[in-house]
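K.L.:
My structure file data.txt, compact mmCIF, C-alpha atoms, is below:
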# COMPACT_ATOMS: atom_id res chain seq x y z
CA MET L 1 4.17 -33.64 35.87
CA PRO L 2 1.11 -31.40 35.40
CA ASP L 3 -2.09 -33.14 34.35
CA PHE L 4 -2.04 -31.71 30.84
CA ALA L 5 -4.79 -34.04 29.63
CA ALA L 6 -7.23 -32.65 32.22
CA ASP L 7 -6.14 -29.08 31.48
CA ALA L 8 -6.61 -29.67 27.75
CA ALA L 9 -10.24 -30.69 28.20
CA THR L 10 -11.05 -27.09 29.11
CA LEU L 11 -9.28 -25.87 25.95
CA LEU L 12 -11.00 -28.28 23.59
CA PRO L 13 -13.88 -26.03 22.46
CA ASP L 14 -11.48 -23.23 21.52
CA LEU L 15 -9.14 -25.64 19.70
CA VAL L 16 -12.03 -27.17 17.76
CA ALA L 17 -13.25 -23.70 16.77
CA LEU L 18 -9.76 -22.75 15.57
CA ARG L 19 -9.36 -25.99 13.65
CA ARG L 20 -12.69 -25.56 11.88
CA ALA L 21 -11.93 -21.95 10.96
CA LEU L 22 -8.65 -23.11 9.45
CA HIS L 23 -10.36 -25.99 7.69
CA ALA L 24 -12.91 -23.71 6.05
CA ASP L 25 -10.21 -21.34 4.75
CA PRO L 26 -7.21 -23.43 3.66
CA GLU L 27 -4.08 -21.99 2.04
CA VAL L 28 -1.46 -23.80 -0.01
CA GLY L 29 2.33 -23.61 -0.10
CA LEU L 30 4.74 -21.26 1.62
CA ASP L 31 2.51 -18.16 1.67
CA LEU L 32 -0.32 -18.56 4.22
CA PRO L 33 -1.14 -15.03 5.40
CA ARG L 34 -4.65 -15.71 6.71
CA THR L 35 -3.55 -18.87 8.50
CA GLN L 36 -0.58 -17.05 10.00
CA GLN L 37 -2.84 -14.28 11.33
CA ARG L 38 -5.26 -16.76 12.89
CA VAL L 39 -2.39 -18.44 14.71
CA LEU L 40 -0.95 -15.13 15.89
CA ASP L 41 -4.38 -14.16 17.20
CA ALA L 42 -4.67 -17.51 19.01
CA LEU L 43 -1.26 -17.01 20.65
CA ALA L 44 -1.92 -13.41 21.69
CA GLY L 45 -1.46 -12.78 25.38
CA LEU L 46 0.82 -15.73 26.01
CA PRO L 47 4.36 -15.09 27.36
CA LEU L 48 6.01 -16.00 24.05
CA GLU L 49 8.84 -14.49 22.04
CA ILE L 50 7.40 -14.53 18.52
CA THR L 51 9.14 -14.06 15.20
CA THR L 52 7.76 -14.54 11.70
CA GLY L 53 9.56 -15.74 8.60
CA THR L 54 10.76 -13.65 5.67
CA ARG L 55 10.81 -16.27 2.90
CA THR L 56 7.64 -17.92 4.17
CA THR L 57 4.77 -17.07 6.52
CA SER L 58 6.18 -19.15 9.34
CA ILE L 59 5.82 -18.47 13.05
CA VAL L 60 8.48 -19.32 15.64
CA ALA L 61 7.37 -18.83 19.24
CA VAL L 62 9.68 -19.37 22.21
CA LEU L 63 8.43 -20.03 25.72
CA ARG L 64 11.09 -19.63 28.39
CA GLY L 65 10.50 -21.58 31.57
CA ALA L 66 11.06 -20.17 35.03
CA HIS L 67 13.94 -22.58 35.67
CA PRO L 68 17.16 -23.35 33.77
CA GLY L 69 17.08 -26.30 31.43
CA PRO L 70 17.40 -27.49 27.86
CA VAL L 71 15.49 -26.48 24.75
CA VAL L 72 12.82 -28.67 23.14
CA LEU L 73 11.08 -28.09 19.77
CA LEU L 74 7.45 -28.87 18.88
CA ARG L 75 6.25 -28.74 15.26
CA GLY L 76 2.86 -28.15 13.66
CA ASP L 77 2.52 -27.71 9.89
CA MET L 78 -0.11 -25.30 8.54
CA ASP L 79 -0.49 -25.72 4.76
CA ALA L 80 -3.28 -27.41 2.80
CA LEU L 81 -3.47 -29.14 -0.59
CA PRO L 82 -4.82 -28.13 -4.04
CA ILE L 83 -7.72 -30.59 -3.69
CA SER L 84 -11.43 -29.79 -4.00
CA GLU L 85 -13.13 -31.00 -0.84
CA ALA L 86 -15.82 -33.67 -1.26
CA THR L 87 -17.00 -34.06 2.33
CA ASP L 88 -20.36 -32.89 3.64
CA LEU L 89 -18.89 -31.17 6.70
CA PRO L 90 -20.68 -27.93 7.60
CA TYR L 91 -17.27 -26.20 7.64
CA ALA L 92 -15.99 -27.81 4.42
CA ALA L 93 -13.78 -25.66 2.22
CA THR L 94 -15.29 -24.37 -1.01
CA THR L 95 -12.12 -22.82 -2.43
CA GLY L 96 -10.71 -25.70 -4.48
CA THR L 97 -8.17 -26.28 -1.71
CA MET L 98 -8.49 -28.58 1.30
CA HIS L 99 -6.87 -29.60 4.55
CA ALA L 100 -6.82 -33.17 3.29
CA CYS L 101 -3.76 -34.10 5.35
CA GLY L 102 -4.95 -32.82 8.71
CA HIS L 103 -2.57 -29.88 9.06
CA ASP L 104 -5.46 -27.82 10.44
CA LEU L 105 -5.47 -30.21 13.42
CA HIS L 106 -1.69 -30.02 13.70
CA THR L 107 -1.84 -26.23 13.90
CA ALA L 108 -4.65 -26.13 16.44
CA GLY L 109 -2.99 -28.86 18.50
CA LEU L 110 0.27 -26.92 18.67
CA VAL L 111 -1.60 -23.78 19.75
CA GLY L 112 -3.10 -25.92 22.51
CA ALA L 113 0.34 -27.16 23.58
CA ALA L 114 1.59 -23.57 23.75
CA ARG L 115 -1.33 -22.59 25.99
CA LEU L 116 -0.86 -25.61 28.25
CA LEU L 117 2.86 -25.07 28.72
CA ALA L 118 2.49 -21.31 29.17
CA ALA L 119 0.00 -21.97 31.97
CA HIS L 120 2.70 -24.03 33.71
CA ARG L 121 5.62 -21.75 32.91
CA ASP L 122 6.53 -21.43 36.60
CA GLU L 123 7.16 -25.18 36.71
CA LEU L 124 8.93 -25.45 33.36
CA HIS L 125 12.65 -26.07 33.12
CA GLY L 126 14.32 -24.73 29.98
CA SER L 127 12.58 -23.43 26.86
CA VAL L 128 10.19 -24.68 24.21
CA ILE L 129 10.25 -23.65 20.55
CA PHE L 130 6.86 -23.83 18.82
CA MET L 131 7.38 -24.29 15.07
CA PHE L 132 4.36 -23.28 13.00
CA GLN L 133 5.40 -24.33 9.50
CA PRO L 134 4.07 -23.57 6.02
CA GLY L 135 4.99 -25.54 2.93
CA GLU L 136 5.20 -29.11 4.20
CA GLU L 137 3.44 -30.50 1.13
CA GLY L 138 6.42 -30.50 -1.20
CA GLN L 139 7.84 -27.01 -0.75
CA GLY L 140 10.36 -27.85 1.98
CA GLY L 141 9.07 -25.31 4.48
CA ALA L 142 11.00 -26.93 7.34
CA LYS L 143 14.25 -26.50 5.46
CA VAL L 144 13.45 -22.83 4.84
CA MET L 145 12.73 -22.29 8.54
CA ILE L 146 15.98 -24.01 9.54
CA GLU L 147 17.89 -21.76 7.14
CA GLU L 148 16.20 -18.74 8.74
CA GLY L 149 17.46 -19.70 12.21
CA LEU L 150 14.67 -21.85 13.67
CA LEU L 151 16.98 -24.16 15.60
CA ASP L 152 18.78 -21.28 17.31
CA ALA L 153 15.63 -19.30 18.17
CA ALA L 154 15.97 -19.98 21.91
CA GLY L 155 19.69 -19.21 22.04
CA GLU L 156 20.83 -22.80 21.97
CA ARG L 157 19.92 -25.83 19.92
CA PRO L 158 17.10 -28.13 21.03
CA VAL L 159 17.99 -31.43 22.64
CA ALA L 160 14.83 -33.04 21.24
CA ALA L 161 12.10 -32.36 18.67
CA TYR L 162 8.57 -33.77 18.43
CA ALA L 163 5.76 -33.69 15.87
CA ILE L 164 2.36 -35.38 15.73
CA HIS L 165 0.61 -36.17 12.43
CA VAL L 166 -3.02 -37.29 12.23
CA ALA L 167 -4.22 -40.21 10.13
CA PRO L 168 -7.31 -42.43 9.85
CA GLY L 169 -7.51 -45.28 12.33
CA PRO L 170 -8.88 -46.13 15.78
CA ARG L 171 -9.47 -42.74 17.35
CA GLY L 172 -7.01 -41.62 20.01
CA VAL L 173 -4.25 -44.17 19.34
CA PHE L 174 -0.67 -42.88 19.09
CA ALA L 175 1.68 -44.80 16.80
CA THR L 176 5.41 -44.54 16.16
CA ARG L 177 8.61 -46.55 15.99
CA PRO L 178 12.37 -46.04 16.47
CA GLY L 179 14.50 -45.63 13.37
CA ALA L 180 13.02 -44.98 9.95
CA VAL L 181 9.37 -44.04 10.38
CA ALA L 182 8.58 -42.37 7.03
CA ALA L 183 10.12 -42.68 3.59
CA GLY L 184 12.35 -40.33 1.70
CA SER L 185 10.62 -38.55 -1.17
CA ASN L 186 12.08 -37.99 -4.63
CA HIS L 187 10.84 -36.83 -8.02
CA LEU L 188 11.61 -38.52 -11.34
CA TYR L 189 11.07 -36.72 -14.67
CA ILE L 190 11.51 -38.46 -18.03
CA THR L 191 11.06 -36.98 -21.49
CA VAL L 192 10.97 -39.61 -24.25
CA GLN L 193 12.04 -37.89 -27.47
CA GLY L 194 10.90 -39.33 -30.78
CA ARG L 195 9.90 -38.05 -34.23
CA GLY L 196 6.26 -37.26 -34.79
CA GLY L 197 4.10 -37.64 -37.85
CA HIS L 198 0.72 -38.70 -39.14
CA GLY L 199 -1.18 -41.17 -36.97
CA SER L 200 -1.89 -43.34 -40.03
CA GLN L 201 1.82 -43.71 -40.85
CA PRO L 202 3.57 -44.81 -37.64
CA HIS L 203 6.29 -46.60 -39.62
CA GLN L 204 7.50 -43.20 -40.82
CA THR L 205 7.86 -41.91 -37.26
CA LEU L 206 9.67 -42.73 -34.06
CA ASP L 207 6.58 -43.02 -31.91
CA PRO L 208 7.37 -42.10 -28.27
CA VAL L 209 4.01 -43.23 -26.86
CA PRO L 210 4.49 -47.03 -26.79
CA VAL L 211 8.10 -46.51 -25.73
CA ALA L 212 6.97 -44.34 -22.80
CA ALA L 213 4.44 -47.01 -21.85
CA GLU L 214 7.18 -49.63 -21.97
CA ILE L 215 9.36 -47.46 -19.73
CA VAL L 216 6.55 -47.23 -17.17
CA LEU L 217 6.33 -51.01 -17.00
CA ALA L 218 10.11 -51.42 -17.00
CA LEU L 219 10.39 -49.10 -14.00
CA GLN L 220 8.00 -51.31 -12.06
CA THR L 221 9.93 -54.44 -13.01
CA PHE L 222 13.18 -52.78 -11.98
CA VAL L 223 11.78 -51.98 -8.53
CA THR L 224 10.24 -55.40 -7.86
CA ARG L 225 13.26 -57.35 -9.09
CA SER L 226 16.14 -55.18 -7.84
CA PHE L 227 15.26 -54.31 -4.25
CA ASP L 228 14.86 -56.32 -1.07
CA ALA L 229 11.23 -56.41 0.02
CA PHE L 230 12.43 -55.59 3.55
CA ASP L 231 14.07 -52.36 2.30
CA PRO L 232 11.03 -51.18 0.36
CA VAL L 233 10.96 -48.83 -2.60
CA VAL L 234 7.87 -47.37 -4.30
CA VAL L 235 7.87 -45.82 -7.77
CA SER L 236 4.52 -44.45 -8.93
CA VAL L 237 4.27 -42.79 -12.34
CA THR L 238 1.61 -40.15 -11.78
CA ARG L 239 1.82 -38.08 -14.96
CA MET L 240 2.01 -39.01 -18.65
CA SER L 241 1.56 -36.24 -21.20
CA THR L 242 1.89 -35.86 -24.96
CA GLY L 243 0.66 -32.28 -24.91
CA ASP L 244 -2.62 -31.20 -26.50
CA GLY L 245 -1.93 -32.00 -30.15
CA ALA L 246 -4.45 -33.29 -32.65
CA ILE L 247 -5.69 -36.83 -32.15
CA ASN L 248 -4.41 -37.93 -35.58
CA VAL L 249 -0.83 -36.77 -34.90
CA ILE L 250 1.88 -38.92 -33.36
CA PRO L 251 3.65 -36.57 -30.93
CA GLU L 252 7.30 -35.61 -30.91
CA GLN L 253 7.71 -36.50 -27.23
CA VAL L 254 6.06 -37.89 -24.13
CA GLU L 255 6.67 -36.51 -20.65
CA LEU L 256 6.50 -38.77 -17.59
CA ALA L 257 6.68 -37.83 -13.93
CA ALA L 258 6.87 -40.13 -10.93
CA THR L 259 7.11 -40.01 -7.17
CA VAL L 260 9.85 -42.25 -5.78
CA ARG L 261 9.99 -43.36 -2.13
CA ASN L 262 12.85 -45.04 -0.27
CA ILE L 263 13.73 -46.07 3.27
CA SER L 264 17.54 -46.35 3.13
CA ALA L 265 20.52 -44.47 1.74
CA ALA L 266 21.60 -47.62 -0.10
CA SER L 267 18.30 -47.90 -1.96
CA LEU L 268 18.40 -44.19 -2.84
CA ALA L 269 21.83 -44.60 -4.43
CA ARG L 270 20.60 -47.56 -6.51
CA LEU L 271 17.52 -45.61 -7.59
CA GLN L 272 19.60 -42.64 -8.67
CA GLU L 273 21.71 -44.91 -10.87
CA GLY L 274 19.17 -47.48 -11.98
CA LEU L 275 16.07 -45.50 -12.93
CA PRO L 276 17.86 -43.32 -15.52
CA ARG L 277 19.61 -46.40 -16.89
CA VAL L 278 16.32 -48.22 -17.42
CA ALA L 279 14.73 -45.23 -19.17
CA HIS L 280 17.75 -44.63 -21.42
CA SER L 281 18.07 -48.30 -22.32
CA VAL L 282 14.40 -48.86 -23.20
CA ALA L 283 14.35 -45.71 -25.33
CA ALA L 284 17.60 -46.66 -27.07
CA ALA L 285 16.27 -50.13 -27.88
CA HIS L 286 13.65 -48.45 -30.09
CA GLY L 287 15.94 -45.81 -31.56
CA LEU L 288 14.67 -43.00 -29.35
CA THR L 289 16.29 -40.98 -26.59
CA ALA L 290 15.24 -40.18 -23.03
CA ASP L 291 16.12 -37.16 -20.96
CA VAL L 292 15.99 -38.05 -17.25
CA ARG L 293 16.07 -35.87 -14.13
CA PHE L 294 16.06 -37.33 -10.61
CA GLU L 295 15.49 -34.87 -7.75
CA VAL L 296 15.94 -35.75 -4.08
CA MET L 297 13.20 -33.87 -2.20
CA TYR L 298 12.87 -35.04 1.43
CA PRO L 299 15.22 -37.36 3.31
CA VAL L 300 14.02 -40.41 5.21
CA THR L 301 12.32 -39.45 8.50
CA VAL L 302 14.39 -41.19 11.18
CA ASN L 303 13.31 -41.27 14.82
CA ASP L 304 16.04 -41.24 17.43
CA ALA L 305 15.91 -44.57 19.26
CA ALA L 306 16.42 -43.24 22.81
CA THR L 307 14.07 -40.28 22.40
CA THR L 308 11.40 -42.49 20.89
CA ALA L 309 11.65 -45.11 23.62
CA GLU L 310 11.19 -42.30 26.15
CA SER L 311 8.25 -40.90 24.16
CA ILE L 312 6.50 -44.27 24.09
CA GLU L 313 7.04 -44.68 27.84
CA VAL L 314 5.74 -41.18 28.66
CA LEU L 315 2.64 -41.46 26.47
CA THR L 316 1.88 -44.94 27.78
CA ARG L 317 2.04 -43.65 31.33
CA VAL L 318 -0.32 -40.77 30.54
CA PHE L 319 -2.80 -42.34 28.11
CA GLY L 320 -2.52 -46.07 28.85
CA PRO L 321 -0.90 -48.94 26.94
CA GLU L 322 -3.99 -49.56 24.82
CA ARG L 323 -3.53 -46.13 23.21
CA VAL L 324 0.17 -46.34 22.32
CA LEU L 325 1.30 -48.57 19.47
CA GLU L 326 4.81 -49.32 18.26
CA ILE L 327 4.42 -49.97 14.55
CA PRO L 328 6.58 -52.70 12.98
CA THR L 329 7.50 -51.01 9.69
CA PRO L 330 7.91 -47.49 8.30
CA GLN L 331 5.15 -45.85 6.28
CA MET L 332 5.94 -44.98 2.67
CA GLY L 333 4.59 -41.44 2.91
CA SER L 334 7.15 -38.71 3.46
CA GLU L 335 7.60 -35.81 5.86
CA ASP L 336 9.73 -32.69 5.79
CA PHE L 337 10.02 -32.92 9.58
CA SER L 338 12.85 -35.17 8.36
CA PHE L 339 14.94 -32.01 7.89
CA VAL L 340 14.54 -31.26 11.61
CA LEU L 341 15.32 -34.85 12.63
CA ASP L 342 18.46 -34.75 10.49
CA GLU L 343 19.69 -32.03 12.86
CA ILE L 344 18.02 -32.83 16.19
CA PRO L 345 17.19 -36.17 17.87
CA GLY L 346 13.46 -36.55 18.12
CA THR L 347 10.25 -38.44 17.49
CA PHE L 348 7.60 -38.23 14.80
CA LEU L 349 4.29 -39.78 15.87
CA MET L 350 0.96 -40.56 14.25
CA LEU L 351 -2.33 -39.91 16.03
CA LEU L 352 -5.25 -41.92 14.64
CA THR L 353 -8.46 -39.93 14.32
CA SER L 354 -11.30 -41.68 12.49
CA PRO L 355 -14.72 -40.36 13.61
CA ASP L 356 -17.54 -42.52 14.96
CA GLY L 357 -19.35 -44.29 12.15
CA VAL L 358 -16.24 -44.52 9.96
CA ASP L 359 -14.65 -47.97 9.76
CA PRO L 360 -10.89 -47.41 10.23
CA ARG L 361 -10.20 -50.38 7.93
CA THR L 362 -11.92 -48.74 4.96
CA ALA L 363 -11.56 -45.05 5.85
CA GLU L 364 -10.36 -42.67 3.17
CA PHE L 365 -6.68 -41.89 3.74
CA ASN L 366 -4.81 -38.58 3.87
CA HIS L 367 -4.89 -36.59 0.59
CA SER L 368 -8.32 -37.94 -0.32
CA PRO L 369 -10.99 -35.29 -0.97
CA ARG L 370 -13.26 -37.35 1.29
CA VAL L 371 -10.92 -37.94 4.24
CA LEU L 372 -12.37 -37.23 7.70
CA PHE L 373 -10.51 -36.43 10.93
CA ASP L 374 -12.28 -36.23 14.29
CA ASP L 375 -11.18 -33.02 16.02
CA ALA L 376 -12.29 -34.44 19.37
CA VAL L 377 -8.65 -35.66 19.60
CA LEU L 378 -7.30 -32.09 19.76
CA GLY L 379 -7.19 -32.01 23.54
CA ASP L 380 -5.15 -35.18 23.72
CA GLN L 381 -2.97 -34.04 20.84
CA ALA L 382 -2.13 -30.79 22.64
CA ALA L 383 -1.63 -32.64 25.92
CA ALA L 384 0.70 -35.19 24.31
CA LEU L 385 2.92 -32.48 22.83
CA ALA L 386 3.01 -30.55 26.11
CA THR L 387 3.72 -33.71 28.09
CA LEU L 388 6.60 -34.76 25.83
CA ALA L 389 8.19 -31.32 26.03
CA PHE L 390 7.75 -31.01 29.80
CA ALA L 391 9.07 -34.52 30.45
CA ARG L 392 12.15 -33.99 28.28
CA THR L 393 13.09 -30.66 29.85
CA SER L 394 12.48 -31.97 33.37
CA ALA L 395 14.59 -35.08 32.77
CA ALA L 396 17.73 -33.10 31.89
The structure given in the file should be rewritten as structure tokens.

P.N.:
Amino acid sequence: MPDFAADAATLLPDLVALRRALHADPEVGLDLPRTQQRVLDALAGLPLEITTGTRTTSIVAVLRGAHPGPVVLLRGDMDALPISEATDLPYAATTGTMHACGHDLHTAGLVGAARLLAAHRDELHGSVIFMFQPGEEGQGGAKVMIEEGLLDAAGERPVAAYAIHVAPGPRGVFATRPGAVAAGSNHLYITVQGRGGHGSQPHQTLDPVPVAAEIVLALQTFVTRSFDAFDPVVVSVTRMSTGDGAINVIPEQVELAATVRNISAASLARLQEGLPRVAHSVAAAHGLTADVRFEVMYPVTVNDAATTAESIEVLTRVFGPERVLEIPTPQMGSEDFSFVLDEIPGTFLMLLTSPDGVDPRTAEFNHSPRVLFDDAVLGDQAAALATLAFARTSAA
């Protein structure tokens, strides 16, 4: 096994510079032309077979080792969020968008892994697919890339897939678990239809506002009283709108939207049946109607047990047992790397990255406009990805 961690130390300044350039110029969604060009520039000169997407600005780069062997996939997502940054970083974005989920580190780390593995191409068995992905934040970019042939880019399907996601916590610690590691993500939309009128005469209307409020509370009761606490479900109503009518007018309707998270197929089936039933029943009790739409967005992210056990063993050997943690329960955030893991056995890992002076216990979490990630971890992030790929291809 090459000493990728030592090799990565020499790459760290370049990776930090790339990460900070990406951080200062974030792009949102499936169309990331400036980000794509920066990555292509960073990969220039490496012995890679590179293709770009047609429906999205993705990059698929294939490194073919000097010896026969299997194919392994490494993922780094590239998109940012529509959040105005509120940090005081000298390279903070000023565009109303922000890398508030650390995808700038993911991108730079994957570039580092490509450089590390390319430098050891003569020792590499098999091939590595580097998946630079737009549209992770709700647009299903991984699914688009799969539909465009990602998994067959090297001529045969990967035997394993790996991704690392940064998060606040004790810097340099890797965390993962076998089985479900991140929740499935779903969207719930409810329109409560009433009959509007003058705000002084509610008895002459069918007021949808208190009914919508009652539905919000009923959804929470349904979740806490219908699901096992050890098969968790989260329903968070994040939007409630009556439009922009006059303040003295009772509206015709109220629109609700919620994010719904689940860990099992059984709980998803109950949510799909139960949430519409609750909304319809509460509305009907007051003589109103409810239109309900439930959309399944991302499946549960499920780590392959054997691949994950091997990943934990490899990272423990390289970085030490104090830096590798097997977490007891899944996180309720979601990941569209789940689309890859539905097709390929693999491991999704967290890398904790709180800077000095930030208490990991109170640190702002991903998607906060104030979240901070220490890019000093980029060398180890790149080395971990390269190590996992090299170990898996060599073990075949």

K.L.:
Of the residues L:Asp7, L:Glu156, L:Asp77, L:Glu147, which is the one nearest to Phe130 (chain L), using only C-alpha atoms?

P.N.:
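Counting only C-alpha atoms, the residue closest to Phe130 (chain L) is L:Asp77.
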
K.L.:
My list of candidates is L:Gly194, L:Pro232, L:Gly357, L:Gly179. Which is closest to Ala283 (chain L) when distances are computed with only C-alpha atoms?

P.N.:
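Distance minimum relative to Ala283 (chain L) lands on L:Gly194.
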
K.L.:
Can you pull out the residues contacting Asn366 (chain L)? Cut-off 7 Å, using only C-alpha atoms, and skip same-chain residues under 5 positions away; I want them as a tab-separated table (two decimals) with C-alpha atoms, keeping the file's coordinate frame.

P.N.:
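Saved result, around.tsv, follows:
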chain	number	residue	atom	x	y	z
L	100	ALA	CA	-6.82	-33.17	3.29
L	101	CYS	CA	-3.76	-34.10	5.35
L	167	ALA	CA	-4.22	-40.21	10.13
L	371	VAL	CA	-10.92	-37.94	4.24

K.L.:
To one decimal place, how far is CA of Val358 (chain L) from CA of Ala93 (chain L) in Å?

P.N.:
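Computing it gives 20.5 Å between the two atoms.
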
K.L.:
Please provide the set of residues having any atom within 12 Å of Glu313 (chain L), restricted to only C-alpha atoms, with same-chain residues fewer than 4 positions apart removed, written as a PyMOL selection string.

P.N.:
chain L and resi 174+176+306-309+317-321+323-326+384+387-388+391-392

K.L.:
So that I have them on file, write out the residues from the current selection with C-alpha atoms, as a CSV table (one decimal), in the frame of the given file.

P.N.:
chain,number,residue,atom,x,y,z
L,174,PHE,CA,-0.7,-42.9,19.1
L,176,THR,CA,5.4,-44.5,16.2
L,306,ALA,CA,16.4,-43.2,22.8
L,307,THR,CA,14.1,-40.3,22.4
L,308,THR,CA,11.4,-42.5,20.9
L,309,ALA,CA,11.6,-45.1,23.6
L,317,ARG,CA,2.0,-43.6,31.3
L,318,VAL,CA,-0.3,-40.8,30.5
L,319,PHE,CA,-2.8,-42.3,28.1
L,320,GLY,CA,-2.5,-46.1,28.8
L,321,PRO,CA,-0.9,-48.9,26.9
L,323,ARG,CA,-3.5,-46.1,23.2
L,324,VAL,CA,0.2,-46.3,22.3
L,325,LEU,CA,1.3,-48.6,19.5
L,326,GLU,CA,4.8,-49.3,18.3
L,384,ALA,CA,0.7,-35.2,24.3
L,387,THR,CA,3.7,-33.7,28.1
L,388,LEU,CA,6.6,-34.8,25.8
L,391,ALA,CA,9.1,-34.5,30.4
L,392,ARG,CA,12.2,-34.0,28.3

K.L.:
To one decimal in Å, tell me the separation between CA of Leu256 (chain L) and CA of Thr191 (chain L).

P.N.:
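Rounded to one decimal, the two atoms are 6.3 Å apart.
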
K.L.:
Which is closer to Ala113 (chain L) than all the others in L:Asp88, L:Glu343, L:Asp380, L:Glu255, using all atoms listed in the file?

P.N.:
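Comparing L:Asp88, L:Glu343, L:Asp380, L:Glu255 against Ala113 (chain L), the winner is L:Asp380.
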
K.L.:
Between L:Ile312, L:Ala266, L:Met1, L:Leu12, single out the one closest to Ala382 (chain L), counting all atoms listed in the file.

P.N.:
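Ranked by minimum distance to Ala382 (chain L), first place goes to L:Leu12.
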
K.L.:
What is the distance, in Å and to one decimal place, between CA of Ala160 (chain L) and CA of Gly76 (chain L)?

P.N.:
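These two atoms are separated by 15.0 Å.
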
K.L.:
Quick one: everything within 10 Å of region 346-349 of chain L, counting only C-alpha atoms, minus sequence neighbours fewer than 4 positions away in the same chain. Send it as a ChimeraX atom specification.

P.N.:
/L:72-75,158-166,174-182,301-312,325-326,335,337-338,340-342,388

K.L.:
From the options L:Val223, L:Val249, L:Val111, L:Val144, which residue's atoms come nearest to Leu40 (chain L), counting only C-alpha atoms?

P.N.:
L:Val111

K.L.:
If we count all atoms listed in the file, what is near Leu372 (chain L) at a cut-off of 8 Å, once residues fewer than 6 positions away on the same chain are taken out, given as a ChimeraX atom specification?

P.N.:
/L:87,168,354-355,364

K.L.:
Name the closest residue to Arg239 (chain L) among the candidates L:Thr259, L:Thr35, L:Thr221, L:Ser127; distances are taken between atoms, counting all atoms listed in the file.

P.N.:
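Residue with the minimum atom-to-atom distance to Arg239 (chain L): L:Thr259.
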
K.L.:
Go ahead and find all residues with at least one atom no further than 10 Å from (-12.7, -29.5, 12.4) in the file's coordinates, using only C-alpha atoms; report them as JSON, numbers by chain.

P.N.:
{"L": [15, 16, 17, 18, 19, 20, 21, 22, 23, 24, 89, 90, 91, 92, 99, 102, 104, 105, 108, 372, 373, 374, 375, 376, 378]}

K.L.:
Output C-alpha atoms of each residue in that selection to a file, as an mmCIF file, in the coordinates of the input.

P.N.:
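So the final result, stored in out.cif, reads:
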data_model
loop_
_atom_site.group_PDB
_atom_site.id
_atom_site.type_symbol
_atom_site.label_atom_id
_atom_site.label_comp_id
_atom_site.auth_asym_id
_atom_site.auth_seq_id
_atom_site.Cartn_x
_atom_site.Cartn_y
_atom_site.Cartn_z
ATOM 1 C CA LEU L 15 -9.140 -25.640 19.700
ATOM 2 C CA VAL L 16 -12.030 -27.170 17.760
ATOM 3 C CA ALA L 17 -13.250 -23.700 16.770
ATOM 4 C CA LEU L 18 -9.760 -22.750 15.570
ATOM 5 C CA ARG L 19 -9.360 -25.990 13.650
ATOM 6 C CA ARG L 20 -12.690 -25.560 11.880
ATOM 7 C CA ALA L 21 -11.930 -21.950 10.960
ATOM 8 C CA LEU L 22 -8.650 -23.110 9.450
ATOM 9 C CA HIS L 23 -10.360 -25.990 7.690
ATOM 10 C CA ALA L 24 -12.910 -23.710 6.050
ATOM 11 C CA LEU L 89 -18.890 -31.170 6.700
ATOM 12 C CA PRO L 90 -20.680 -27.930 7.600
ATOM 13 C CA TYR L 91 -17.270 -26.200 7.640
ATOM 14 C CA ALA L 92 -15.990 -27.810 4.420
ATOM 15 C CA HIS L 99 -6.870 -29.600 4.550
ATOM 16 C CA GLY L 102 -4.950 -32.820 8.710
ATOM 17 C CA ASP L 104 -5.460 -27.820 10.440
ATOM 18 C CA LEU L 105 -5.470 -30.210 13.420
ATOM 19 C CA ALA L 108 -4.650 -26.130 16.440
ATOM 20 C CA LEU L 372 -12.370 -37.230 7.700
ATOM 21 C CA PHE L 373 -10.510 -36.430 10.930
ATOM 22 C CA ASP L 374 -12.280 -36.230 14.290
ATOM 23 C CA ASP L 375 -11.180 -33.020 16.020
ATOM 24 C CA ALA L 376 -12.290 -34.440 19.370
ATOM 25 C CA LEU L 378 -7.300 -32.090 19.760
#

K.L.:
Just need region 316-321 of chain L in a file, please: N, CA, C and O atoms, as a compact mmCIF listing (two decimals), in the first residue's frame.

P.N.:
# COMPACT_ATOMS: atom_id res chain seq x y z
N THR L 316 -8.71 2.46 9.94
CA THR L 316 -8.13 2.31 11.27
C THR L 316 -6.65 2.00 11.18
O THR L 316 -5.83 2.53 11.95
N ARG L 317 -6.29 1.16 10.23
CA ARG L 317 -4.89 0.80 10.04
C ARG L 317 -4.05 2.01 9.62
O ARG L 317 -2.91 2.18 10.05
N VAL L 318 -4.64 2.88 8.78
CA VAL L 318 -3.90 4.02 8.25
C VAL L 318 -3.88 5.19 9.21
O VAL L 318 -2.83 5.83 9.42
N PHE L 319 -5.03 5.50 9.83
CA PHE L 319 -5.15 6.73 10.62
C PHE L 319 -5.18 6.49 12.13
O PHE L 319 -5.08 7.44 12.91
N GLY L 320 -5.33 5.24 12.54
CA GLY L 320 -5.37 4.93 13.97
C GLY L 320 -6.79 4.78 14.49
O GLY L 320 -7.71 5.42 13.98
N PRO L 321 -6.99 3.96 15.51
CA PRO L 321 -8.34 3.68 16.01
C PRO L 321 -9.02 4.90 16.62
O PRO L 321 -10.25 4.97 16.65
